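Asker: Here it is: the structure, laid out below.
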Amino acid sequence: MDFETTMIFLANRSYLYNLLARGYAGEADEAFLQTLVQEHARQEISLVEHELNSDILDAYDKTLEALGDEGACERIRREYVKIFVGPGTLKARPWETIHLEESRALFQPELLPIRETYREAGFLPARYPHVQDDFIGLELDFLAKLANAALEAWESGHDAEANERLRQSREFLEKHLLRWIDSLADAIIAEYGDCFFARFTRLASLVAHRDYELLA
């Protein structure tokens, strides 16, 4: 890639991971939903040519279909609380270790490698220690931070640092997020039906899979 193409690619990654992370950071607001439906979001989602693009655009369109009614924001706020907050036991279990280790307990030793990965990269989850480190929102927030750092380093002429942030991103995708995000999407569909977050999680998975392949 030449300098300009690389800048576009890095800016695109930063935009997409920040958008996806916002979806899980808390209850939806009108600003987030307006960002999601803007033409700019569609352009960013389809900006980089890849064989997964048609699937990604289809997932994006299906996500927007879930915003079609007048009370969408309030409905999605309630959906977020039911799926990711509680009260009561969360049926879809939005934590990596629960999906991979088949454990029903939270805050187990299996979390330590994830927390160490955050620390080694110089980041600590925004809601640490109140939210478990392997929560879907924190993993996407970490990837957003890495994407932001890669972009800033490249803009400043620090190529080695930018490349290191991209290496960290690909490694985290391989060892963590991509191993369980599809399982989470399936669980949300099974427990809550074809709702907004089932579709949004499928979109997040496809974007992450494409990014992993592009980073190679």
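Identifiers in the structure tokens: chain A, B, ... in order shown; residue index from 1 per chain; ligand index from 1 in order shown.
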Using only C-alpha atoms, which residues sit within 10 Å of A:Ala147 once same-chain residues fewer than 6 positions away are excluded, as a list in words?

Answerer: Leu10, Ala11, Asn12, Arg13, Ser14, Tyr15, Leu16, Tyr17, Asn18, Asp141, Ala153, Ala162, Arg165, Leu166, Gln168 and Ser169 of chain A

Asker: Can I get the selected residues back with C-alpha atoms, as a PDB file, in the first residue's frame?

Answerer:
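And here's again.pdb as it stands now:
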ATOM      1  CA  LEU A  10      -6.169   2.560   9.141  1.00  0.00           C
ATOM      2  CA  ALA A  11      -8.819   5.267   9.475  1.00  0.00           C
ATOM      3  CA  ASN A  12     -11.454   2.802   8.294  1.00  0.00           C
ATOM      4  CA  ARG A  13     -10.438   0.239  10.925  1.00  0.00           C
ATOM      5  CA  SER A  14     -10.567   2.906  13.625  1.00  0.00           C
ATOM      6  CA  TYR A  15     -14.031   4.049  12.575  1.00  0.00           C
ATOM      7  CA  LEU A  16     -15.498   0.552  12.402  1.00  0.00           C
ATOM      8  CA  TYR A  17     -14.131  -0.751  15.693  1.00  0.00           C
ATOM      9  CA  ASN A  18     -15.239   2.385  17.518  1.00  0.00           C
ATOM     10  CA  ASP A 141     -13.136  -1.513  22.855  1.00  0.00           C
ATOM     11  CA  ALA A 153       1.339   6.284  15.022  1.00  0.00           C
ATOM     12  CA  ALA A 162       1.848   1.309  13.871  1.00  0.00           C
ATOM     13  CA  ARG A 165      -0.389  -2.204  16.991  1.00  0.00           C
ATOM     14  CA  LEU A 166      -1.575  -4.072  13.894  1.00  0.00           C
ATOM     15  CA  GLN A 168      -1.344  -6.933  18.440  1.00  0.00           C
ATOM     16  CA  SER A 169      -4.736  -6.545  16.793  1.00  0.00           C
TER      17      SER A 169
END

Asker: Near A:Ala198, within 6 Å and counting only C-alpha atoms, which residues show up once chain neighbours fewer than 4 positions away are dropped, as a tab-separated table (two decimals) with C-alpha atoms, in the first residue's frame?

Answerer:
chain	number	residue	atom	x	y	z
A	185	ALA	CA	-24.31	-14.40	17.98
A	188	ILE	CA	-28.40	-14.40	21.23
A	189	ILE	CA	-30.51	-15.70	18.33
A	194	ASP	CA	-33.63	-12.44	15.48

Asker: List the spatial neighbours of A:Phe142 as a ChimeraX atom specification - criterion: any atom at most 9 Å away, only C-alpha atoms, same-chain residues fewer than 6 positions off excluded.

Answerer: /A:17,21,118,123-125,169

Asker: Would you compute the distance between atom CA of A:Phe9 and atom CA of A:Asp159? Give it in Å to one decimal.

Answerer: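 These two atoms are separated by 14.3 Å.
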
Asker: Neighbours of stretch 49-53 of chain A within 10 Å (only C-alpha atoms; same-chain residues fewer than 3 positions away dropped), as number ranges by chain?

Answerer: A: 45-46, 56-59, 206-207, 209-211, 213-214

Asker: Print the selection's residues with C-alpha atoms to a file, as a JSON list (two decimals), in the first residue's frame.

Answerer:
[["chain", "number", "residue", "atom", "x", "y", "z"],
["A", 45, "ILE", "CA", -18.42, -0.68, 6.01],
["A", 46, "SER", "CA", -17.94, -1.32, 2.29],
["A", 56, "ILE", "CA", -21.12, -7.63, 5.54],
["A", 57, "LEU", "CA", -23.45, -5.27, 3.67],
["A", 58, "ASP", "CA", -26.27, -7.80, 3.96],
["A", 59, "ALA", "CA", -25.70, -8.03, 7.73],
["A", 206, "LEU", "CA", -18.00, -10.44, 9.79],
["A", 207, "VAL", "CA", -16.13, -7.13, 10.09],
["A", 209, "HIS", "CA", -13.12, -11.75, 10.22],
["A", 210, "ARG", "CA", -12.46, -9.45, 7.27],
["A", 211, "ASP", "CA", -10.04, -7.37, 9.30],
["A", 213, "GLU", "CA", -7.67, -11.56, 6.78],
["A", 214, "LEU", "CA", -6.66, -8.07, 5.66]]

Asker: Once DSSP has gone over the backbone, tell me which residues of chain A are in alpha helix (DSSP H), as a PyMOL selection string.

Answerer: chain A and resi 3-25+30-37+39-45+53-65+72-80+96-101+112-120+136-155+159-172+178-192+196-215

Asker: With C-alpha atoms retained, export the selected residues as a CSV table (one decimal), in the first residue's frame.

Answerer:
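out_28.csv written:
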chain,number,residue,atom,x,y,z
A,3,PHE,CA,0.9,6.1,2.2
A,4,GLU,CA,-2.5,7.5,1.3
A,5,THR,CA,-4.1,4.0,0.9
A,6,THR,CA,-2.6,2.9,4.2
A,7,MET,CA,-4.1,6.0,5.9
A,8,ILE,CA,-7.5,5.2,4.5
A,9,PHE,CA,-7.3,1.6,5.6
A,10,LEU,CA,-6.2,2.6,9.1
A,11,ALA,CA,-8.8,5.3,9.5
A,12,ASN,CA,-11.5,2.8,8.3
A,13,ARG,CA,-10.4,0.2,10.9
A,14,SER,CA,-10.6,2.9,13.6
A,15,TYR,CA,-14.0,4.0,12.6
A,16,LEU,CA,-15.5,0.6,12.4
A,17,TYR,CA,-14.1,-0.8,15.7
A,18,ASN,CA,-15.2,2.4,17.5
A,19,LEU,CA,-18.7,2.0,16.0
A,20,LEU,CA,-18.9,-1.6,17.0
A,21,ALA,CA,-17.6,-1.1,20.5
A,22,ARG,CA,-20.1,1.7,21.1
A,23,GLY,CA,-22.9,-0.8,20.4
A,24,TYR,CA,-21.9,-2.8,23.5
A,25,ALA,CA,-20.6,0.0,25.7
A,30,GLU,CA,-30.3,8.4,19.5
A,31,ALA,CA,-26.8,9.6,18.6
A,32,PHE,CA,-25.5,6.0,18.2
A,33,LEU,CA,-28.5,5.0,16.1
A,34,GLN,CA,-28.2,8.0,13.9
A,35,THR,CA,-24.5,7.3,13.3
A,36,LEU,CA,-25.4,3.7,12.4
A,37,VAL,CA,-28.0,4.7,9.8
A,39,GLU,CA,-24.7,6.9,4.6
A,40,HIS,CA,-21.2,7.5,5.9
A,41,ALA,CA,-21.5,4.3,8.0
A,42,ARG,CA,-22.4,2.3,4.9
A,43,GLN,CA,-19.5,3.8,3.0
A,44,GLU,CA,-17.1,2.9,5.7
A,45,ILE,CA,-18.4,-0.7,6.0
A,53,ASN,CA,-18.2,-7.4,1.6
A,54,SER,CA,-21.5,-8.7,0.2
A,55,ASP,CA,-22.1,-10.6,3.4
A,56,ILE,CA,-21.1,-7.6,5.5
A,57,LEU,CA,-23.4,-5.3,3.7
A,58,ASP,CA,-26.3,-7.8,4.0
A,59,ALA,CA,-25.7,-8.0,7.7
A,60,TYR,CA,-25.6,-4.2,8.0
A,61,ASP,CA,-28.9,-3.9,6.1
A,62,LYS,CA,-30.5,-6.5,8.3
A,63,THR,CA,-29.3,-4.6,11.3
A,64,LEU,CA,-30.9,-1.4,10.0
A,65,GLU,CA,-34.1,-3.2,9.4
A,72,ALA,CA,-36.6,1.6,18.1
A,73,CYS,CA,-34.3,3.4,20.6
A,74,GLU,CA,-36.3,2.6,23.7
A,75,ARG,CA,-36.8,-1.0,22.5
A,76,ILE,CA,-33.1,-1.5,21.8
A,77,ARG,CA,-32.3,0.0,25.2
A,78,ARG,CA,-34.5,-2.6,26.9
A,79,GLU,CA,-33.0,-5.3,24.7
A,80,TYR,CA,-29.5,-4.3,25.8
A,96,GLU,CA,-15.4,-15.2,26.2
A,97,THR,CA,-14.4,-17.6,28.9
A,98,ILE,CA,-17.9,-18.8,29.4
A,99,HIS,CA,-18.2,-19.8,25.7
A,100,LEU,CA,-14.7,-21.3,25.5
A,101,GLU,CA,-14.2,-22.9,28.9
A,112,LEU,CA,-5.6,-13.4,33.5
A,113,PRO,CA,-4.1,-13.9,30.0
A,114,ILE,CA,-6.7,-11.4,28.6
A,115,ARG,CA,-6.0,-8.9,31.3
A,116,GLU,CA,-2.3,-9.3,30.7
A,117,THR,CA,-2.8,-8.7,27.0
A,118,TYR,CA,-4.6,-5.4,27.8
A,119,ARG,CA,-1.8,-4.4,30.2
A,120,GLU,CA,1.0,-5.2,27.8
A,136,ILE,CA,-17.8,-8.5,24.3
A,137,GLY,CA,-17.9,-4.8,24.7
A,138,LEU,CA,-14.4,-4.6,26.3
A,139,GLU,CA,-12.8,-6.8,23.7
A,140,LEU,CA,-14.1,-4.6,20.9
A,141,ASP,CA,-13.1,-1.5,22.9
A,142,PHE,CA,-9.6,-2.9,23.1
A,143,LEU,CA,-9.5,-3.4,19.3
A,144,ALA,CA,-10.8,0.1,18.9
A,145,LYS,CA,-8.0,1.5,21.1
A,146,LEU,CA,-5.4,-0.5,19.1
A,147,ALA,CA,-6.9,0.7,15.8
A,148,ASN,CA,-6.8,4.3,17.1
A,149,ALA,CA,-3.2,3.9,18.2
A,150,ALA,CA,-2.1,2.4,14.9
A,151,LEU,CA,-3.7,5.3,13.0
A,152,GLU,CA,-2.1,7.9,15.3
A,153,ALA,CA,1.3,6.3,15.0
A,154,TRP,CA,1.2,6.1,11.2
A,155,GLU,CA,0.1,9.8,11.0
A,159,ASP,CA,5.8,3.1,11.2
A,160,ALA,CA,7.2,0.5,13.6
A,161,GLU,CA,4.7,1.4,16.3
A,162,ALA,CA,1.8,1.3,13.9
A,163,ASN,CA,2.9,-2.1,12.7
A,164,GLU,CA,3.2,-3.4,16.3
A,165,ARG,CA,-0.4,-2.2,17.0
A,166,LEU,CA,-1.6,-4.1,13.9
A,167,ARG,CA,0.3,-7.2,15.0
A,168,GLN,CA,-1.3,-6.9,18.4
A,169,SER,CA,-4.7,-6.5,16.8
A,170,ARG,CA,-4.4,-9.6,14.6
A,171,GLU,CA,-3.1,-11.7,17.5
A,172,PHE,CA,-6.0,-10.6,19.7
A,178,LEU,CA,-12.8,-14.7,16.6
A,179,ARG,CA,-12.8,-17.8,18.7
A,180,TRP,CA,-16.2,-17.0,20.3
A,181,ILE,CA,-18.1,-14.1,18.7
A,182,ASP,CA,-20.0,-16.4,16.4
A,183,SER,CA,-21.0,-18.6,19.3
A,184,LEU,CA,-22.3,-15.4,21.0
A,185,ALA,CA,-24.3,-14.4,18.0
A,186,ASP,CA,-25.8,-17.9,17.8
A,187,ALA,CA,-26.7,-17.8,21.5
A,188,ILE,CA,-28.4,-14.4,21.2
A,189,ILE,CA,-30.5,-15.7,18.3
A,190,ALA,CA,-31.4,-18.9,20.2
A,191,GLU,CA,-32.3,-17.1,23.4
A,192,TYR,CA,-33.8,-13.8,22.2
A,196,PHE,CA,-31.2,-6.1,16.9
A,197,PHE,CA,-28.2,-7.4,18.9
A,198,ALA,CA,-28.3,-10.8,17.1
A,199,ARG,CA,-27.9,-9.0,13.8
A,200,PHE,CA,-25.4,-6.4,15.2
A,201,THR,CA,-23.2,-9.2,16.6
A,202,ARG,CA,-23.3,-11.0,13.3
A,203,LEU,CA,-22.2,-7.8,11.6
A,204,ALA,CA,-19.4,-7.3,14.2
A,205,SER,CA,-18.2,-10.9,13.6
A,206,LEU,CA,-18.0,-10.4,9.8
A,207,VAL,CA,-16.1,-7.1,10.1
A,208,ALA,CA,-13.7,-8.7,12.5
A,209,HIS,CA,-13.1,-11.7,10.2
A,210,ARG,CA,-12.5,-9.5,7.3
A,211,ASP,CA,-10.0,-7.4,9.3
A,212,TYR,CA,-8.1,-10.5,10.4
A,213,GLU,CA,-7.7,-11.6,6.8
A,214,LEU,CA,-6.7,-8.1,5.7
A,215,LEU,CA,-4.1,-7.8,8.4

Asker: State, in Å with one decimal place, the distance from atom CA of A:Phe84 to atom CA of A:Asp133.

Answerer: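 Atom CA of A:Asp133 lies 14.0 Å from atom CA of A:Phe84.
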